[in-house]
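Source file input06.cif; content: mmCIF, C-alpha atoms.
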data_final
loop_
_atom_site.label_atom_id
_atom_site.label_comp_id
_atom_site.auth_asym_id
_atom_site.auth_seq_id
_atom_site.Cartn_x
_atom_site.Cartn_y
_atom_site.Cartn_z
CA MET A 12 -39.28 -12.26 8.53
CA SER A 13 -39.78 -9.34 6.24
CA PRO A 14 -43.13 -8.99 4.49
CA SER A 15 -41.44 -9.28 1.10
CA ASP A 16 -40.34 -12.88 1.74
CA ALA A 17 -43.81 -14.17 0.99
CA ASN A 18 -44.11 -12.15 -2.18
CA PRO A 19 -42.20 -13.48 -5.18
CA ASP A 20 -43.11 -10.41 -7.24
CA ARG A 21 -41.19 -8.20 -4.86
CA ALA A 22 -38.18 -10.50 -5.10
CA LEU A 23 -38.41 -10.23 -8.86
CA HIS A 24 -38.64 -6.48 -8.55
CA ALA A 25 -35.57 -6.34 -6.31
CA HIS A 26 -33.73 -8.61 -8.72
CA GLY A 27 -33.62 -6.14 -11.57
CA ASP A 28 -32.74 -3.26 -9.28
CA SER A 29 -29.06 -2.44 -9.09
CA HIS A 30 -29.52 -0.14 -6.11
CA GLY A 31 -27.34 -1.29 -3.21
CA HIS A 32 -25.25 -3.66 -5.33
CA GLY A 33 -23.56 -1.26 -7.70
CA SER A 34 -23.03 -1.66 -11.41
CA LYS A 35 -20.18 -3.32 -13.28
CA GLN A 36 -18.95 0.12 -14.21
CA SER A 37 -18.73 1.29 -10.59
CA TYR A 38 -16.70 -1.82 -9.64
CA LEU A 39 -14.31 -1.40 -12.59
CA VAL A 40 -13.85 2.34 -11.98
CA GLY A 41 -13.31 1.66 -8.27
CA PHE A 42 -10.77 -1.06 -9.03
CA ALA A 43 -8.82 1.09 -11.50
CA LEU A 44 -8.71 4.06 -9.12
CA SER A 45 -7.72 1.83 -6.19
CA ALA A 46 -4.93 0.18 -8.19
CA VAL A 47 -3.47 3.60 -9.06
CA LEU A 48 -3.95 4.93 -5.52
CA THR A 49 -2.17 1.82 -4.15
CA ALA A 50 0.68 1.78 -6.68
CA ILE A 51 1.66 5.45 -6.15
CA PRO A 52 2.31 5.30 -2.36
CA PHE A 53 4.30 2.04 -2.68
CA TRP A 54 6.33 3.62 -5.50
CA LEU A 55 6.89 6.81 -3.47
CA VAL A 56 8.23 4.85 -0.49
CA MET A 57 10.11 2.01 -2.24
CA ALA A 58 11.87 4.23 -4.81
CA ASP A 59 12.21 7.18 -2.38
CA VAL A 60 11.03 9.54 -5.11
CA LEU A 61 10.48 12.69 -3.04
CA LYS A 62 13.75 12.40 -1.00
CA ASN A 63 11.88 13.91 1.93
CA PRO A 64 10.32 11.60 4.57
CA THR A 65 7.85 14.20 5.87
CA LEU A 66 6.59 15.10 2.40
CA THR A 67 6.37 11.40 1.47
CA ALA A 68 4.39 10.66 4.65
CA VAL A 69 1.91 13.46 3.91
CA ALA A 70 1.47 12.25 0.31
CA VAL A 71 1.02 8.61 1.40
CA ILE A 72 -1.62 9.56 4.01
CA ALA A 73 -3.48 11.77 1.51
CA LEU A 74 -3.54 8.93 -1.04
CA ALA A 75 -4.81 6.49 1.62
CA VAL A 76 -7.68 8.84 2.52
CA ALA A 77 -8.53 9.18 -1.18
CA GLN A 78 -8.52 5.40 -1.63
CA ILE A 79 -10.72 4.86 1.44
CA LEU A 80 -13.25 7.28 -0.08
CA VAL A 81 -13.08 5.45 -3.45
CA HIS A 82 -13.74 2.11 -1.71
CA THR A 83 -16.61 3.60 0.30
CA ILE A 84 -18.34 4.97 -2.78
CA CYS A 85 -17.55 2.33 -5.43
CA PHE A 86 -17.44 -0.90 -3.38
CA LEU A 87 -19.49 -0.23 -0.22
CA HIS A 88 -21.97 1.95 -2.17
CA VAL A 89 -22.47 4.42 0.66
CA ASN A 90 -24.51 7.36 -0.59
CA THR A 91 -27.26 9.67 0.60
CA GLN A 92 -29.96 7.29 -0.70
CA SER A 93 -28.87 3.90 0.70
CA GLU A 94 -31.03 2.80 3.66
CA GLY A 95 -32.64 6.23 3.75
CA GLY A 96 -29.28 7.89 4.39
CA TRP A 97 -28.64 6.03 7.68
CA THR A 98 -25.55 4.20 6.39
CA LEU A 99 -23.99 7.57 5.55
CA VAL A 100 -24.91 9.00 8.98
CA ALA A 101 -23.39 5.96 10.74
CA TYR A 102 -20.32 6.17 8.51
CA VAL A 103 -19.66 9.85 9.21
CA PHE A 104 -20.27 9.35 12.95
CA THR A 105 -17.82 6.43 13.01
CA GLY A 106 -15.29 8.52 11.11
CA VAL A 107 -15.49 11.27 13.73
CA ILE A 108 -15.10 8.82 16.65
CA LEU A 109 -12.23 7.13 14.79
CA LEU A 110 -10.36 10.40 14.33
CA ILE A 111 -10.91 11.44 17.95
CA THR A 112 -9.69 8.03 19.22
CA ILE A 113 -6.57 7.87 17.08
CA ALA A 114 -5.54 11.54 17.01
CA GLY A 115 -6.44 12.00 20.68
CA SER A 116 -4.44 8.95 21.80
CA LEU A 117 -1.39 10.00 19.80
CA TRP A 118 -1.59 13.60 21.03
CA ILE A 119 -2.01 12.73 24.72
CA MET A 120 0.59 9.96 24.75
CA TYR A 121 3.10 12.11 22.87
CA HIS A 122 2.84 14.86 25.48
CA LEU A 123 2.89 12.32 28.30
CA ASN A 124 6.08 10.80 26.90
CA SER A 125 7.83 14.12 26.34
CA ASN A 126 6.90 15.35 29.82
CA MET A 127 8.05 12.12 31.46
CA MET A 128 11.46 12.09 29.75
CA PRO A 129 14.14 12.03 32.49
CA GLY A 130 16.24 14.53 30.49
CA SER A 131 13.52 17.17 30.47
CA MET A 132 13.21 17.14 34.27
CA THR A 133 15.05 19.70 36.29
CA GLY A 134 15.39 17.67 39.47
CA ARG A 135 16.92 14.57 37.95
CA THR A 136 18.22 13.22 41.27
CA SER A 137 14.68 12.72 42.47
CA TYR A 138 14.05 10.36 39.54
CA THR A 139 14.99 6.93 40.81
CA PRO A 140 13.34 4.15 38.84
CA MET B 26 -63.01 -2.10 18.20
CA ALA B 27 -60.33 -3.83 16.20
CA SER B 28 -62.74 -4.66 13.44
CA THR B 29 -62.63 -1.09 12.14
CA THR B 30 -59.16 -1.79 10.74
CA PRO B 31 -59.09 -5.29 9.24
CA ASP B 32 -55.30 -5.50 8.82
CA PRO B 33 -53.60 -3.40 11.48
CA THR B 34 -49.97 -2.46 10.99
CA PHE B 35 -47.95 -1.54 14.03
CA HIS B 36 -44.79 -0.58 12.22
CA LEU B 37 -43.75 2.03 9.75
CA VAL B 38 -44.31 0.75 6.21
CA GLU B 39 -41.51 2.02 3.99
CA GLU B 40 -40.68 -0.99 1.89
CA ASP B 41 -39.77 1.04 -1.18
CA ASP B 42 -36.77 2.53 0.62
CA HIS B 43 -35.15 -0.86 1.13
CA HIS B 44 -34.38 -2.31 -2.27
CA GLY B 45 -30.93 -3.63 -1.36
CA GLY B 46 -32.01 -6.03 1.35
CA GLY B 47 -35.43 -6.86 -0.04
CA GLY B 48 -37.16 -4.83 2.70
CA SER B 49 -35.05 -6.30 5.50
CA PRO B 50 -33.51 -4.20 8.30
CA THR B 51 -30.59 -6.67 8.33
CA ILE B 52 -28.53 -4.59 5.91
CA LEU B 53 -28.56 -1.49 8.11
CA GLY B 54 -28.01 -3.61 11.23
CA PHE B 55 -25.01 -5.29 9.64
CA TRP B 56 -23.67 -1.90 8.61
CA ILE B 57 -23.90 -0.74 12.26
CA TYR B 58 -21.95 -3.87 13.26
CA LEU B 59 -19.25 -3.02 10.70
CA MET B 60 -19.00 0.51 12.06
CA SER B 61 -18.54 -0.88 15.60
CA ASP B 62 -15.89 -3.22 14.20
CA ALA B 63 -14.21 -0.13 12.74
CA LEU B 64 -14.04 1.26 16.28
CA ILE B 65 -12.21 -1.90 17.43
CA PHE B 66 -9.69 -1.25 14.67
CA ALA B 67 -9.53 2.43 15.67
CA ALA B 68 -8.49 1.36 19.18
CA LEU B 69 -5.88 -1.04 17.75
CA PHE B 70 -4.55 1.61 15.35
CA ALA B 71 -4.31 4.08 18.25
CA THR B 72 -2.47 1.49 20.36
CA PHE B 73 -0.09 0.74 17.54
CA GLY B 74 0.42 4.46 16.88
CA VAL B 75 1.34 5.11 20.51
CA LEU B 76 3.70 2.11 20.67
CA SER B 77 5.08 2.44 17.13
CA THR B 78 8.45 3.81 18.27
CA SER B 79 8.75 1.71 21.45
CA TYR B 80 11.41 -0.63 20.08
CA ALA B 81 12.95 -1.52 23.50
CA GLY B 82 16.28 -2.01 21.72
CA GLY B 83 14.62 -4.51 19.37
CA PRO B 84 14.21 -4.44 15.60
CA THR B 85 12.82 -1.36 13.83
CA PRO B 86 10.26 -1.48 10.97
CA ARG B 87 12.97 -0.74 8.41
CA GLU B 88 14.91 -3.82 9.52
CA ILE B 89 12.07 -6.35 9.47
CA PHE B 90 9.38 -5.24 6.98
CA GLU B 91 9.54 -6.49 3.40
CA LEU B 92 7.54 -4.10 1.23
CA PRO B 93 7.40 -6.37 -1.87
CA LEU B 94 5.57 -8.96 0.25
CA VAL B 95 3.17 -6.28 1.54
CA ALA B 96 2.60 -5.01 -2.02
CA LEU B 97 1.79 -8.57 -3.10
CA ASN B 98 -0.72 -8.96 -0.25
CA THR B 99 -2.28 -5.58 -1.03
CA ALA B 100 -2.71 -6.58 -4.67
CA ILE B 101 -4.25 -9.94 -3.68
CA LEU B 102 -6.80 -8.28 -1.38
CA LEU B 103 -7.67 -5.57 -3.92
CA ILE B 104 -8.22 -8.15 -6.67
CA SER B 105 -10.36 -10.21 -4.28
CA SER B 106 -12.51 -7.11 -3.79
CA ILE B 107 -13.33 -6.88 -7.49
CA THR B 108 -13.86 -10.64 -7.85
CA TYR B 109 -16.43 -10.37 -5.03
CA GLY B 110 -17.99 -7.51 -6.98
CA PHE B 111 -18.26 -9.86 -9.99
CA ALA B 112 -19.97 -12.44 -7.74
CA MET B 113 -22.53 -9.78 -6.74
CA LEU B 114 -23.13 -8.85 -10.38
CA ALA B 115 -23.62 -12.54 -11.30
CA MET B 116 -26.01 -12.83 -8.33
CA GLU B 117 -28.09 -9.94 -9.69
CA ARG B 118 -28.38 -11.70 -13.04
CA GLY B 119 -29.48 -14.85 -11.20
CA ARG B 120 -26.51 -16.96 -12.39
CA VAL B 121 -25.95 -19.56 -9.65
CA ARG B 122 -22.82 -21.28 -11.03
CA ILE B 123 -21.06 -18.05 -11.97
CA THR B 124 -21.81 -16.57 -8.54
CA GLN B 125 -20.32 -19.66 -6.90
CA LEU B 126 -17.29 -19.52 -9.19
CA TRP B 127 -16.50 -15.89 -8.35
CA LEU B 128 -17.06 -16.62 -4.63
CA LEU B 129 -14.59 -19.49 -4.93
CA VAL B 130 -12.01 -17.24 -6.63
CA THR B 131 -12.52 -14.62 -3.89
CA GLY B 132 -12.13 -17.26 -1.18
CA LEU B 133 -8.92 -18.61 -2.74
CA LEU B 134 -7.48 -15.08 -3.01
CA GLY B 135 -8.41 -14.52 0.64
CA ALA B 136 -6.69 -17.79 1.57
CA SER B 137 -3.51 -16.77 -0.27
CA PHE B 138 -3.60 -13.40 1.55
CA VAL B 139 -3.74 -15.19 4.91
CA GLY B 140 -1.06 -17.61 3.69
CA VAL B 141 1.36 -14.80 2.77
CA GLU B 142 0.62 -13.07 6.08
CA LEU B 143 1.29 -16.25 8.07
CA TYR B 144 4.54 -16.71 6.12
CA GLU B 145 5.51 -13.13 7.04
CA PHE B 146 4.65 -13.70 10.72
CA GLY B 147 6.59 -16.96 10.69
CA ALA B 148 9.67 -15.28 9.20
CA LEU B 149 9.47 -12.45 11.76
CA ILE B 150 9.17 -14.85 14.69
CA ALA B 151 12.06 -16.94 13.32
CA GLU B 152 14.20 -13.77 13.28
CA GLY B 153 13.35 -13.17 16.94
CA ALA B 154 10.87 -10.37 16.20
CA THR B 155 8.16 -11.95 18.37
CA PRO B 156 5.17 -10.09 19.89
CA GLN B 157 6.95 -10.23 23.28
CA ARG B 158 10.08 -8.48 21.98
CA SER B 159 8.86 -4.85 22.16
CA GLY B 160 5.79 -2.65 22.42
CA PHE B 161 6.06 -1.91 18.71
CA LEU B 162 5.93 -5.62 17.83
CA SER B 163 3.06 -6.28 20.28
CA GLY B 164 1.04 -3.53 18.63
CA PHE B 165 2.00 -4.74 15.16
CA PHE B 166 1.01 -8.38 15.73
CA THR B 167 -2.25 -7.43 17.48
CA LEU B 168 -3.37 -5.01 14.75
CA VAL B 169 -2.30 -7.03 11.70
CA GLY B 170 -3.31 -10.31 13.38
CA THR B 171 -6.82 -9.03 14.14
CA HIS B 172 -7.23 -8.03 10.50
CA GLY B 173 -5.95 -11.45 9.39
CA LEU B 174 -8.41 -13.13 11.76
CA HIS B 175 -11.25 -11.14 10.20
CA VAL B 176 -10.15 -12.25 6.72
CA THR B 177 -10.06 -15.87 7.96
CA VAL B 178 -13.63 -15.55 9.25
CA GLY B 179 -14.58 -14.02 5.89
CA ILE B 180 -13.15 -17.09 4.10
CA VAL B 181 -15.22 -19.41 6.33
CA TRP B 182 -18.32 -17.30 5.54
CA ILE B 183 -17.57 -17.40 1.80
CA THR B 184 -17.28 -21.21 1.99
CA VAL B 185 -20.63 -21.42 3.82
CA MET B 186 -22.26 -19.18 1.19
CA ILE B 187 -20.93 -21.29 -1.71
CA VAL B 188 -22.59 -24.33 -0.10
CA GLN B 189 -25.82 -22.47 0.73
CA VAL B 190 -26.15 -21.01 -2.78
CA GLY B 191 -25.54 -24.53 -4.15
CA MET B 192 -28.24 -26.05 -1.93
CA ARG B 193 -30.95 -23.39 -2.05
CA GLY B 194 -30.09 -21.28 -5.08
CA LEU B 195 -30.22 -17.50 -5.17
CA ILE B 196 -33.24 -17.09 -2.90
CA LEU B 197 -33.92 -13.77 -1.20
CA GLU B 198 -32.29 -14.87 2.09
CA ASN B 199 -29.11 -15.91 0.32
CA LYS B 200 -29.01 -12.62 -1.59
CA ARG B 201 -29.29 -10.75 1.68
CA ARG B 202 -26.47 -12.83 3.19
CA LEU B 203 -24.29 -12.29 0.13
CA LEU B 204 -24.90 -8.54 0.39
CA CYS B 205 -23.83 -8.56 4.07
CA LEU B 206 -20.75 -10.63 3.20
CA SER B 207 -20.00 -8.16 0.39
CA MET B 208 -19.97 -5.27 2.86
CA PHE B 209 -17.81 -7.31 5.29
CA TRP B 210 -15.27 -8.20 2.59
CA HIS B 211 -14.98 -4.65 1.18
CA PHE B 212 -14.76 -3.30 4.73
CA LEU B 213 -11.73 -5.52 5.38
CA ASP B 214 -10.06 -4.09 2.29
CA VAL B 215 -10.69 -0.57 3.64
CA VAL B 216 -9.05 -1.55 6.95
CA TRP B 217 -6.10 -2.98 5.01
CA ILE B 218 -5.57 0.43 3.34
CA GLY B 219 -5.03 1.81 6.84
CA VAL B 220 -2.70 -1.08 7.73
CA PHE B 221 -0.41 -0.86 4.71
CA THR B 222 -0.29 2.93 4.94
CA PHE B 223 0.19 3.52 8.66
CA VAL B 224 2.00 0.33 9.66
CA TYR B 225 4.15 -0.57 6.68
CA LEU B 226 4.71 2.51 4.47
CA LEU B 227 4.99 5.04 7.31
CA GLY B 228 7.02 2.47 9.28
CA MET B 229 9.61 2.39 6.50
CA LEU B 230 9.86 6.21 6.61
CA ARG B 231 10.49 6.33 10.35
#

Turn this file's structure into structure tokens for me.
Amino acid sequence: MSPSDANPDRALHAHGDSHGHGSKQSYLVGFALSAVLTAIPFWLVMADVLKNPTLTAVAVIALAVAQILVHTICFLHVNTQSEGGWTLVAYVFTGVILLITIAGSLWIMYHLNSNMMPGSMTGRTSYTP
Amino acid sequence: MASTTPDPTFHLVEEDDHHGGGGSPTILGFWIYLMSDALIFAALFATFGVLSTSYAGGPTPREIFELPLVALNTAILLISSITYGFAMLAMERGRVRITQLWLLVTGLLGASFVGVELYEFGALIAEGATPQRSGFLSGFFTLVGTHGLHVTVGIVWITVMIVQVGMRGLILENKRRLLCLSMFWHFLDVVWIGVFTFVYLLGMLR
């Protein structure tokens, strides 16, 4: 039980405070930005606008990163003030671990696969599955 | 000895820093849980990424994915994010009925998201694109299915909160729960950004 539970004045105080919940404006701005940042990548892929798969992939990933940041700021309200900055610290830490996990797995497994390809081996006769 | 301090406090008093949760550590604790949940998804994304070209002679993303359906689901989830935001705004104004109404709309949108996803899974399995068919499909069903399971749990939680707000009103405990649920719901939308980008859109480019 937190000490504020017994104190109705504190509840009243927290009631008028928009901190941690966000304002109507932040939700609407977040929604508008997200809608645009969702529509563009679908358009790029479905209409094949750029005619270049690599360029399209880079653009789609960049837009996804932008939209994740918009959601984090406008919907999840992560900022330097919330919970004394600890939500931001946890968020950044998780982001680092996430990148290491995903990029590291892809990197290692890609090299494992290319080194294990039967075609790339010199002594192919020794490879008997 | 103890009488020198009539009301001893054995914890750090910093109530003014915790407006969002009404002085409760629950909000930060729940945030830590969400971050650990993000690591589960990181592992599933990594697994899918490694297996994403292991077709085993089976269907490729281009052959089985229907982007209009994915776009529809993305729109549903994004709209449900803002309707939950409206529920939070109504909660701040102390409007019980309006909060419940927006929660109901959010829950129904979540249910239609899961419905469309189950329809997609059903169509894939009917075509023979089952999780057992290839590594790519195993990774796909595990990643997208785990997200769908989270959304389903979110719908159950929304239902519980509609009932609790109806029974007890917008008391401090319910506000705290609604704030946690808000983070959970928006977090699922963030994960979905990763899913539609890396699984569907990049899958179509492969």

I'd like the neighbourhood of Thr49 in chain A as a PDB file with C-alpha atoms, in the frame of the given file, where a residue qualifies if any of its atoms comes within 8 Å (using all atoms listed in the file), though same-chain residues fewer than 5 positions away should be ignored.
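Printed below is selection21.pdb as written:
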ATOM      1  CA  LEU A  74      -3.540   8.930  -1.040  1.00  0.00           C
ATOM      2  CA  ALA A  75      -4.810   6.490   1.620  1.00  0.00           C
ATOM      3  CA  GLN A  78      -8.520   5.400  -1.630  1.00  0.00           C
TER       4      GLN A  78
END

For this structure, which residues satisfy the selection - the PyMOL selection byres ((chain B) within 6 of (chain A)) - when it is evaluated on the file as given? I want them as a short mmCIF file (atom, residue, chain, number, x, y, z; two decimals) with C-alpha atoms, in the coordinates of the input.
data_model
loop_
_atom_site.label_atom_id
_atom_site.label_comp_id
_atom_site.auth_asym_id
_atom_site.auth_seq_id
_atom_site.Cartn_x
_atom_site.Cartn_y
_atom_site.Cartn_z
CA HIS B 44 -34.38 -2.31 -2.27
CA GLY B 45 -30.93 -3.63 -1.36
CA SER B 49 -35.05 -6.30 5.50
CA ALA B 67 -9.53 2.43 15.67
CA ALA B 71 -4.31 4.08 18.25
CA VAL B 75 1.34 5.11 20.51
CA GLU B 117 -28.09 -9.94 -9.69
CA MET B 208 -19.97 -5.27 2.86
CA VAL B 215 -10.69 -0.57 3.64
CA LEU B 230 9.86 6.21 6.61
#

Output check: residues returned by the PyMOL selection byres ((chain B and resi 191-194) around 9), as number ranges by chain: B: 119, 121-122, 125, 186-190, 195-196, 199

For Ala70 in chain A, the nearest of the candidates A:Asn126, A:Val100, A:Trp54, A:Val89, counting all atoms listed in the file: A:Trp54

Matched chain/residue IDs from the PyMOL selection byres ((chain B and resi 133) around 12), as a list in words: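 Evaluating the PyMOL selection byres ((chain B and resi 133) around 12) on this file yields Ile101, Leu102, Ile104, Ser105, Thr108, Tyr109, Leu126, Trp127, Leu128, Leu129, Val130, Thr131, Gly132, Leu134, Gly135, Ala136, Ser137, Phe138, Val139, Gly140, Val176, Thr177, Gly179, Ile180, Val181, Ile183 and Thr184 of chain B.
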
Distance of CA of Pro129 in chain A from CA of Gly164 in chain B, expressed in Å to one decimal place: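 So the two atoms, CA of Gly164 in chain B and CA of Pro129 in chain A, lie 24.6 Å apart.
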
d(CA of Gly219 in chain B, CA of Pro86 in chain B) in Å: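 Those two atoms sit 16.2 Å apart.
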
Pairwise distance for CA of Trp210 in chain B and CA of Ser61 in chain B, rounded to one decimal in Å: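 One can read the CA of Trp210 in chain B to CA of Ser61 in chain B distance as 15.3 Å.
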
Produce the centre coordinates and the three edge lengths, each in Å to one decimal, of the box along x, y and z that contains all listed atoms of range 206-212 of chain B with 4 Å added on each side, as JSON.
{"center_x": -17.8, "center_y": -7.0, "center_z": 2.8, "size_x": 14.0, "size_y": 15.3, "size_z": 12.9}

Among listed residues A:Ile84, A:Leu66, A:Leu123, A:Val107, nearest Val40 in chain A (using all atoms listed in the file): A:Ile84
